[in-house]
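Visitor: Below is run03.pdb; it holds PDB, N, CA and C atoms.
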ATOM      1  N   MET A   1      36.499   6.466  19.960
ATOM      2  CA  MET A   1      36.472   6.151  18.544
ATOM      3  C   MET A   1      36.432   4.627  18.401
ATOM      4  N   ASN A   2      35.464   4.127  17.618
ATOM      5  CA  ASN A   2      35.365   2.686  17.472
ATOM      6  C   ASN A   2      36.267   2.165  16.350
ATOM      7  N   ASP A   3      36.357   0.853  16.239
ATOM      8  CA  ASP A   3      37.253   0.218  15.278
ATOM      9  C   ASP A   3      36.906   0.592  13.839
ATOM     10  N   PHE A   4      35.617   0.702  13.537
ATOM     11  CA  PHE A   4      35.198   1.064  12.185
ATOM     12  C   PHE A   4      35.691   2.457  11.820
ATOM     13  N   VAL A   5      35.516   3.413  12.715
ATOM     14  CA  VAL A   5      35.963   4.787  12.466
ATOM     15  C   VAL A   5      37.482   4.827  12.308
ATOM     16  N   GLU A   6      38.205   4.065  13.120
ATOM     17  CA  GLU A   6      39.659   4.009  12.991
ATOM     18  C   GLU A   6      40.071   3.467  11.627
ATOM     19  N   ARG A   7      39.406   2.409  11.158
ATOM     20  CA  ARG A   7      39.707   1.833   9.838
ATOM     21  C   ARG A   7      39.425   2.853   8.737
ATOM     22  N   ALA A   8      38.294   3.538   8.834
ATOM     23  CA  ALA A   8      37.938   4.538   7.826
ATOM     24  C   ALA A   8      38.957   5.666   7.810
ATOM     25  N   ASN A   9      39.329   6.168   8.978
ATOM     26  CA  ASN A   9      40.279   7.283   9.039
ATOM     27  C   ASN A   9      41.666   6.886   8.549
ATOM     28  N   GLU A  10      42.061   5.639   8.765
ATOM     29  CA  GLU A  10      43.353   5.173   8.243
ATOM     30  C   GLU A  10      43.336   5.191   6.711
ATOM     31  N   ALA A  11      42.252   4.713   6.118
ATOM     32  CA  ALA A  11      42.128   4.731   4.663
ATOM     33  C   ALA A  11      42.095   6.163   4.129
ATOM     34  N   ILE A  12      41.391   7.040   4.814
ATOM     35  CA  ILE A  12      41.310   8.445   4.404
ATOM     36  C   ILE A  12      42.681   9.094   4.485
ATOM     37  N   SER A  13      43.423   8.808   5.541
ATOM     38  CA  SER A  13      44.769   9.349   5.695
ATOM     39  C   SER A  13      45.665   8.913   4.541
ATOM     40  N   ASN A  14      45.544   7.652   4.136
ATOM     41  CA  ASN A  14      46.329   7.163   2.999
ATOM     42  C   ASN A  14      45.939   7.883   1.713
ATOM     43  N   MET A  15      44.647   8.127   1.534
ATOM     44  CA  MET A  15      44.199   8.853   0.342
ATOM     45  C   MET A  15      44.654  10.305   0.372
ATOM     46  N   ALA A  16      44.671  10.894   1.552
ATOM     47  CA  ALA A  16      45.057  12.301   1.686
ATOM     48  C   ALA A  16      46.523  12.508   1.338
ATOM     49  N   ALA A  17      47.321  11.459   1.396
ATOM     50  CA  ALA A  17      48.735  11.563   1.035
ATOM     51  C   ALA A  17      48.917  11.696  -0.479
ATOM     52  N   GLN A  18      47.869  11.377  -1.242
ATOM     53  CA  GLN A  18      47.903  11.499  -2.699
ATOM     54  C   GLN A  18      47.399  12.889  -3.093
ATOM     55  N   PRO A  19      47.783  13.366  -4.291
ATOM     56  CA  PRO A  19      47.296  14.681  -4.728
ATOM     57  C   PRO A  19      45.769  14.721  -4.768
ATOM     58  N   HIS A  20      45.204  15.750  -4.194
ATOM     59  CA  HIS A  20      43.760  15.934  -4.173
ATOM     60  C   HIS A  20      43.461  17.382  -3.823
ATOM     61  N   LYS A  21      42.198  17.750  -3.952
ATOM     62  CA  LYS A  21      41.750  19.085  -3.592
ATOM     63  C   LYS A  21      40.776  18.972  -2.431
ATOM     64  N   ARG A  22      40.766  19.988  -1.593
ATOM     65  CA  ARG A  22      39.777  20.043  -0.516
ATOM     66  C   ARG A  22      38.393  19.995  -1.147
ATOM     67  N   GLY A  23      37.534  19.164  -0.608
ATOM     68  CA  GLY A  23      36.179  19.044  -1.121
ATOM     69  C   GLY A  23      35.989  17.926  -2.125
ATOM     70  N   ASP A  24      37.094  17.313  -2.602
ATOM     71  CA  ASP A  24      36.963  16.192  -3.532
ATOM     72  C   ASP A  24      36.111  15.089  -2.910
ATOM     73  N   LEU A  25      35.215  14.523  -3.705
ATOM     74  CA  LEU A  25      34.396  13.397  -3.259
ATOM     75  C   LEU A  25      35.243  12.134  -3.296
ATOM     76  N   VAL A  26      35.246  11.402  -2.201
ATOM     77  CA  VAL A  26      35.973  10.140  -2.141
ATOM     78  C   VAL A  26      35.028   9.023  -1.723
ATOM     79  N   SER A  27      35.325   7.836  -2.212
ATOM     80  CA  SER A  27      34.576   6.633  -1.868
ATOM     81  C   SER A  27      35.576   5.581  -1.419
ATOM     82  N   ILE A  28      35.328   5.017  -0.258
ATOM     83  CA  ILE A  28      36.250   4.053   0.331
ATOM     84  C   ILE A  28      35.449   2.841   0.784
ATOM     85  N   TYR A  29      35.898   1.665   0.413
ATOM     86  CA  TYR A  29      35.280   0.434   0.900
ATOM     87  C   TYR A  29      36.031  -0.010   2.149
ATOM     88  N   ILE A  30      35.277  -0.303   3.206
ATOM     89  CA  ILE A  30      35.864  -0.732   4.474
ATOM     90  C   ILE A  30      35.296  -2.108   4.836
ATOM     91  N   PRO A  31      36.138  -3.155   4.788
ATOM     92  CA  PRO A  31      35.682  -4.467   5.266
ATOM     93  C   PRO A  31      35.861  -4.548   6.777
ATOM     94  N   VAL A  32      34.918  -5.189   7.423
ATOM     95  CA  VAL A  32      34.999  -5.379   8.873
ATOM     96  C   VAL A  32      34.589  -6.805   9.194
ATOM     97  N   PRO A  33      35.069  -7.344  10.295
ATOM     98  CA  PRO A  33      34.653  -8.702  10.672
ATOM     99  C   PRO A  33      33.128  -8.796  10.735
ATOM    100  N   HIS A  34      32.589  -9.894  10.222
ATOM    101  CA  HIS A  34      31.142 -10.093  10.205
ATOM    102  C   HIS A  34      30.557  -9.917  11.609
ATOM    103  N   GLY A  35      29.524  -9.099  11.687
ATOM    104  CA  GLY A  35      28.833  -8.884  12.951
ATOM    105  C   GLY A  35      29.402  -7.771  13.809
ATOM    106  N   LEU A  36      30.522  -7.166  13.399
ATOM    107  CA  LEU A  36      31.100  -6.062  14.177
ATOM    108  C   LEU A  36      30.118  -4.903  14.203
ATOM    109  N   GLU A  37      29.828  -4.396  15.389
ATOM    110  CA  GLU A  37      28.957  -3.232  15.526
ATOM    111  C   GLU A  37      29.744  -1.997  15.086
ATOM    112  N   ILE A  38      29.249  -1.314  14.046
ATOM    113  CA  ILE A  38      29.964  -0.128  13.574
ATOM    114  C   ILE A  38      29.423   1.145  14.196
ATOM    115  N   GLY A  39      28.319   1.037  14.918
ATOM    116  CA  GLY A  39      27.739   2.215  15.544
ATOM    117  C   GLY A  39      26.995   3.064  14.520
ATOM    118  N   SER A  40      26.557   4.220  14.947
ATOM    119  CA  SER A  40      25.827   5.112  14.039
ATOM    120  C   SER A  40      26.310   6.549  14.168
ATOM    121  N   SER A  41      27.385   6.744  14.885
ATOM    122  CA  SER A  41      27.925   8.078  15.097
ATOM    123  C   SER A  41      29.213   8.211  14.282
ATOM    124  N   TYR A  42      29.116   8.918  13.159
ATOM    125  CA  TYR A  42      30.238   8.981  12.226
ATOM    126  C   TYR A  42      30.934  10.334  12.205
ATOM    127  N   GLU A  43      30.616  11.224  13.159
ATOM    128  CA  GLU A  43      31.228  12.559  13.114
ATOM    129  C   GLU A  43      32.740  12.524  13.297
ATOM    130  N   GLU A  44      33.282  11.426  13.816
ATOM    131  CA  GLU A  44      34.730  11.325  13.971
ATOM    132  C   GLU A  44      35.429  10.852  12.697
ATOM    133  N   ILE A  45      34.655  10.462  11.669
ATOM    134  CA  ILE A  45      35.260  10.108  10.388
ATOM    135  C   ILE A  45      35.738  11.394   9.732
ATOM    136  N   ASP A  46      36.965  11.384   9.256
ATOM    137  CA  ASP A  46      37.639  12.595   8.782
ATOM    138  C   ASP A  46      37.250  12.973   7.354
ATOM    139  N   LEU A  47      35.933  13.116   7.132
ATOM    140  CA  LEU A  47      35.382  13.590   5.865
ATOM    141  C   LEU A  47      34.224  14.531   6.175
ATOM    142  N   ASP A  48      33.960  15.453   5.271
ATOM    143  CA  ASP A  48      32.756  16.274   5.365
ATOM    144  C   ASP A  48      31.626  15.525   4.663
ATOM    145  N   ASN A  49      30.402  15.740   5.123
ATOM    146  CA  ASN A  49      29.210  15.156   4.499
ATOM    147  C   ASN A  49      29.313  13.631   4.370
ATOM    148  N   VAL A  50      29.797  12.995   5.415
ATOM    149  CA  VAL A  50      30.043  11.552   5.365
ATOM    150  C   VAL A  50      28.748  10.745   5.291
ATOM    151  N   ARG A  51      28.802   9.696   4.478
ATOM    152  CA  ARG A  51      27.713   8.733   4.355
ATOM    153  C   ARG A  51      28.317   7.340   4.487
ATOM    154  N   VAL A  52      27.652   6.484   5.224
ATOM    155  CA  VAL A  52      28.093   5.101   5.388
ATOM    156  C   VAL A  52      26.968   4.208   4.882
ATOM    157  N   ILE A  53      27.300   3.390   3.885
ATOM    158  CA  ILE A  53      26.297   2.568   3.221
ATOM    159  C   ILE A  53      26.732   1.103   3.287
ATOM    160  N   PRO A  54      25.909   0.232   3.873
ATOM    161  CA  PRO A  54      26.266  -1.191   3.857
ATOM    162  C   PRO A  54      26.167  -1.739   2.428
ATOM    163  N   VAL A  55      27.139  -2.547   2.050
ATOM    164  CA  VAL A  55      27.134  -3.191   0.734
ATOM    165  C   VAL A  55      26.554  -4.587   0.942
ATOM    166  N   SER A  56      25.296  -4.760   0.565
ATOM    167  CA  SER A  56      24.552  -5.968   0.942
ATOM    168  C   SER A  56      25.173  -7.260   0.430
ATOM    169  N   ASP A  57      25.750  -7.246  -0.767
ATOM    170  CA  ASP A  57      26.336  -8.482  -1.292
ATOM    171  C   ASP A  57      27.813  -8.632  -0.946
ATOM    172  N   GLY A  58      28.399  -7.610  -0.305
ATOM    173  CA  GLY A  58      29.795  -7.679   0.114
ATOM    174  C   GLY A  58      30.794  -7.550  -1.007
ATOM    175  N   VAL A  59      30.349  -7.135  -2.188
ATOM    176  CA  VAL A  59      31.223  -7.070  -3.358
ATOM    177  C   VAL A  59      31.475  -5.614  -3.747
ATOM    178  N   ALA A  60      32.747  -5.271  -3.879
ATOM    179  CA  ALA A  60      33.139  -3.938  -4.335
ATOM    180  C   ALA A  60      33.621  -4.053  -5.776
ATOM    181  N   THR A  61      33.078  -3.200  -6.644
ATOM    182  CA  THR A  61      33.510  -3.177  -8.036
ATOM    183  C   THR A  61      33.998  -1.785  -8.391
ATOM    184  N   GLY A  62      34.924  -1.731  -9.332
ATOM    185  CA  GLY A  62      35.446  -0.462  -9.801
ATOM    186  C   GLY A  62      34.518   0.171 -10.815
ATOM    187  N   ALA A  63      34.856   1.376 -11.253
ATOM    188  CA  ALA A  63      34.048   2.090 -12.237
ATOM    189  C   ALA A  63      33.960   1.309 -13.543
ATOM    190  N   ASP A  64      34.975   0.492 -13.808
ATOM    191  CA  ASP A  64      34.991  -0.310 -15.029
ATOM    192  C   ASP A  64      34.245  -1.635 -14.871
ATOM    193  N   GLY A  65      33.660  -1.863 -13.687
ATOM    194  CA  GLY A  65      32.896  -3.077 -13.435
ATOM    195  C   GLY A  65      33.718  -4.257 -12.948
ATOM    196  N   LYS A  66      35.027  -4.094 -12.871
ATOM    197  CA  LYS A  66      35.885  -5.190 -12.418
ATOM    198  C   LYS A  66      35.807  -5.354 -10.903
ATOM    199  N   LEU A  67      35.897  -6.594 -10.473
ATOM    200  CA  LEU A  67      35.860  -6.909  -9.043
ATOM    201  C   LEU A  67      37.081  -6.327  -8.332
ATOM    202  N   LEU A  68      36.837  -5.569  -7.269
ATOM    203  CA  LEU A  68      37.914  -5.037  -6.439
ATOM    204  C   LEU A  68      38.108  -5.881  -5.187
ATOM    205  N   PHE A  69      36.982  -6.300  -4.609
ATOM    206  CA  PHE A  69      37.048  -6.989  -3.328
ATOM    207  C   PHE A  69      35.746  -7.736  -3.093
ATOM    208  N   ASP A  70      35.852  -8.944  -2.567
ATOM    209  CA  ASP A  70      34.666  -9.721  -2.206
ATOM    210  C   ASP A  70      34.788 -10.092  -0.734
ATOM    211  N   ALA A  71      34.143  -9.305   0.113
ATOM    212  CA  ALA A  71      34.241  -9.488   1.561
ATOM    213  C   ALA A  71      33.665 -10.820   2.012
ATOM    214  N   SER A  72      32.686 -11.342   1.270
ATOM    215  CA  SER A  72      32.064 -12.598   1.676
ATOM    216  C   SER A  72      33.051 -13.756   1.642
ATOM    217  N   LYS A  73      34.076 -13.661   0.820
ATOM    218  CA  LYS A  73      35.075 -14.733   0.734
ATOM    219  C   LYS A  73      35.905 -14.864   2.007
ATOM    220  N   ILE A  74      35.941 -13.791   2.794
ATOM    221  CA  ILE A  74      36.707 -13.845   4.056
ATOM    222  C   ILE A  74      35.786 -13.727   5.271
ATOM    223  N   GLY A  75      34.489 -13.850   5.034
ATOM    224  CA  GLY A  75      33.533 -13.791   6.135
ATOM    225  C   GLY A  75      33.385 -12.418   6.748
ATOM    226  N   ALA A  76      33.559 -11.378   5.925
ATOM    227  CA  ALA A  76      33.481 -10.002   6.429
ATOM    228  C   ALA A  76      32.242  -9.302   5.887
ATOM    229  N   ASP A  77      31.890  -8.208   6.525
ATOM    230  CA  ASP A  77      30.854  -7.301   6.029
ATOM    231  C   ASP A  77      31.573  -6.140   5.351
ATOM    232  N   LEU A  78      30.928  -5.529   4.373
ATOM    233  CA  LEU A  78      31.558  -4.451   3.621
ATOM    234  C   LEU A  78      30.693  -3.203   3.686
ATOM    235  N   TYR A  79      31.336  -2.067   3.890
ATOM    236  CA  TYR A  79      30.657  -0.774   3.934
ATOM    237  C   TYR A  79      31.334   0.183   2.973
ATOM    238  N   LEU A  80      30.530   1.000   2.321
ATOM    239  CA  LEU A  80      31.028   2.062   1.470
ATOM    240  C   LEU A  80      30.940   3.356   2.271
ATOM    241  N   VAL A  81      32.069   4.031   2.414
ATOM    242  CA  VAL A  81      32.131   5.317   3.109
ATOM    243  C   VAL A  81      32.397   6.380   2.055
ATOM    244  N   GLU A  82      31.511   7.358   1.964
ATOM    245  CA  GLU A  82      31.659   8.439   1.003
ATOM    246  C   GLU A  82      31.611   9.771   1.718
ATOM    247  N   GLY A  83      32.328  10.725   1.166
ATOM    248  CA  GLY A  83      32.303  12.074   1.708
ATOM    249  C   GLY A  83      33.307  12.942   0.982
ATOM    250  N   ASN A  84      33.429  14.173   1.451
ATOM    251  CA  ASN A  84      34.339  15.136   0.838
ATOM    252  C   ASN A  84      35.574  15.330   1.697
ATOM    253  N   MET A  85      36.726  15.385   1.023
ATOM    254  CA  MET A  85      37.990  15.578   1.744
ATOM    255  C   MET A  85      37.952  16.911   2.495
ATOM    256  N   LYS A  86      38.393  16.864   3.747
ATOM    257  CA  LYS A  86      38.427  18.071   4.572
ATOM    258  C   LYS A  86      39.662  18.925   4.306
ATOM    259  N   ARG A  87      40.738  18.236   3.937
ATOM    260  CA  ARG A  87      41.980  18.989   3.709
ATOM    261  C   ARG A  87      42.745  18.419   2.557
TER
END
Show the structure stored in the file as structure tokens.
Guide:
Amino acid sequence: MNDFVERANEAISNMAAQPHKRGDLVSIYIPVPHGLEIGSSYEEIDLDNVRVIPVSDGVATGADGKLLFDASKIGADLYLVEGNMKR
């Protein structure tokens, strides 16, 4: 398991501790050090139907349009991980 998958699964585990239903769609932003190879094998990410999308500008915004995180300010790359909760 690579560092990216570990980071994603840690975030998913934290979300799973909150009330949710199996199959709920979740979206998680994962910042990683710039240039870190994230690989292309995501079956170890603890979501069903997982998708990993690079965020080209490094900026995460909420549904209300407010800034959540700007990875470029810390020299990081940002990825959006989406999928359905397994449990």
Visitor: Apply the PyMOL selection byres (((chain A and resi 22 and name CA) around 8) and name CA) to the file shown and report the selected residues as a PyMOL selection string.
Guide: chain A and resi 20-21+23-24+84-87
Visitor: CA of His34 in chain A to atom N of Ile74 in chain A: how many Å, to one decimal?
Guide: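 Taking CA of His34 in chain A as the start and atom N of Ile74 in chain A as the end point, the length is 9.6 Å.
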Visitor: For the structure provided, state which residues fall under the PyMOL selection byres (((chain A and resi 44 and name CA) around 12) and name CA), and present them as a list in words.
Guide: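 Evaluating the PyMOL selection byres (((chain A and resi 44 and name CA) around 12) and name CA) on this file yields Met1, Asn2, Asp3, Phe4, Val5, Glu6, Arg7, Ala8, Asn9, Ile12, Gly39, Ser40, Ser41, Tyr42, Glu43, Ile45, Asp46, Leu47, Asp48, Asn49 and Val50 of chain A.
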Visitor: Using the chain letters and numbers from the file, give me the residues hit by the PyMOL selection byres ((chain A and resi 53-66) around 7), as number ranges by chain.
Guide: A: 51-52, 67-72, 76-82
Visitor: CA of Leu36 in chain A to CA of Gly75 in chain A: how many Å, to one decimal?
Guide: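 Straight-line distance from CA of Leu36 in chain A to CA of Gly75 in chain A works out to 11.4 Å.
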Visitor: Would you list, as a tab-separated table (two decimals) with N, CA and C atoms, in the frame of the given file, the residues of range 5-77 of chain A that end up in strand (DSSP E) under DSSP run on this structure's backbone?
Guide:
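Dumped to part.tsv:
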chain	number	residue	atom	x	y	z
A	25	LEU	N	35.22	14.52	-3.70
A	25	LEU	CA	34.40	13.40	-3.26
A	25	LEU	C	35.24	12.13	-3.30
A	26	VAL	N	35.25	11.40	-2.20
A	26	VAL	CA	35.97	10.14	-2.14
A	26	VAL	C	35.03	9.02	-1.72
A	27	SER	N	35.33	7.84	-2.21
A	27	SER	CA	34.58	6.63	-1.87
A	27	SER	C	35.58	5.58	-1.42
A	28	ILE	N	35.33	5.02	-0.26
A	28	ILE	CA	36.25	4.05	0.33
A	28	ILE	C	35.45	2.84	0.78
A	29	TYR	N	35.90	1.66	0.41
A	29	TYR	CA	35.28	0.43	0.90
A	29	TYR	C	36.03	-0.01	2.15
A	30	ILE	N	35.28	-0.30	3.21
A	30	ILE	CA	35.86	-0.73	4.47
A	30	ILE	C	35.30	-2.11	4.84
A	31	PRO	N	36.14	-3.16	4.79
A	31	PRO	CA	35.68	-4.47	5.27
A	31	PRO	C	35.86	-4.55	6.78
A	32	VAL	N	34.92	-5.19	7.42
A	32	VAL	CA	35.00	-5.38	8.87
A	32	VAL	C	34.59	-6.80	9.19
A	33	PRO	N	35.07	-7.34	10.30
A	33	PRO	CA	34.65	-8.70	10.67
A	33	PRO	C	33.13	-8.80	10.74
A	47	LEU	N	35.93	13.12	7.13
A	47	LEU	CA	35.38	13.59	5.86
A	47	LEU	C	34.22	14.53	6.18
A	48	ASP	N	33.96	15.45	5.27
A	48	ASP	CA	32.76	16.27	5.36
A	48	ASP	C	31.63	15.52	4.66
A	49	ASN	N	30.40	15.74	5.12
A	49	ASN	CA	29.21	15.16	4.50
A	49	ASN	C	29.31	13.63	4.37
A	50	VAL	N	29.80	13.00	5.42
A	50	VAL	CA	30.04	11.55	5.36
A	50	VAL	C	28.75	10.74	5.29
A	51	ARG	N	28.80	9.70	4.48
A	51	ARG	CA	27.71	8.73	4.36
A	51	ARG	C	28.32	7.34	4.49
A	52	VAL	N	27.65	6.48	5.22
A	52	VAL	CA	28.09	5.10	5.39
A	52	VAL	C	26.97	4.21	4.88
A	53	ILE	N	27.30	3.39	3.88
A	53	ILE	CA	26.30	2.57	3.22
A	53	ILE	C	26.73	1.10	3.29
A	54	PRO	N	25.91	0.23	3.87
A	54	PRO	CA	26.27	-1.19	3.86
A	54	PRO	C	26.17	-1.74	2.43
A	55	VAL	N	27.14	-2.55	2.05
A	55	VAL	CA	27.13	-3.19	0.73
A	55	VAL	C	26.55	-4.59	0.94
A	59	VAL	N	30.35	-7.14	-2.19
A	59	VAL	CA	31.22	-7.07	-3.36
A	59	VAL	C	31.48	-5.61	-3.75
A	60	ALA	N	32.75	-5.27	-3.88
A	60	ALA	CA	33.14	-3.94	-4.34
A	60	ALA	C	33.62	-4.05	-5.78
A	61	THR	N	33.08	-3.20	-6.64
A	61	THR	CA	33.51	-3.18	-8.04
A	61	THR	C	34.00	-1.78	-8.39
A	67	LEU	N	35.90	-6.59	-10.47
A	67	LEU	CA	35.86	-6.91	-9.04
A	67	LEU	C	37.08	-6.33	-8.33
A	68	LEU	N	36.84	-5.57	-7.27
A	68	LEU	CA	37.91	-5.04	-6.44
A	68	LEU	C	38.11	-5.88	-5.19
A	69	PHE	N	36.98	-6.30	-4.61
A	69	PHE	CA	37.05	-6.99	-3.33
A	69	PHE	C	35.75	-7.74	-3.09
A	70	ASP	N	35.85	-8.94	-2.57
A	70	ASP	CA	34.67	-9.72	-2.21
A	70	ASP	C	34.79	-10.09	-0.73
A	76	ALA	N	33.56	-11.38	5.92
A	76	ALA	CA	33.48	-10.00	6.43
A	76	ALA	C	32.24	-9.30	5.89
A	77	ASP	N	31.89	-8.21	6.52
A	77	ASP	CA	30.85	-7.30	6.03
A	77	ASP	C	31.57	-6.14	5.35
Visitor: Any idea what the distance is between atom C of Glu10 in chain A and atom C of Gly35 in chain A?
Guide: 20.3 Å
Visitor: Go through chain A and collect every residue that DSSP, computed from the backbone, puts in alpha helix (DSSP H); the answer should be as a ChimeraX atom specification.
Guide: /A:3-16
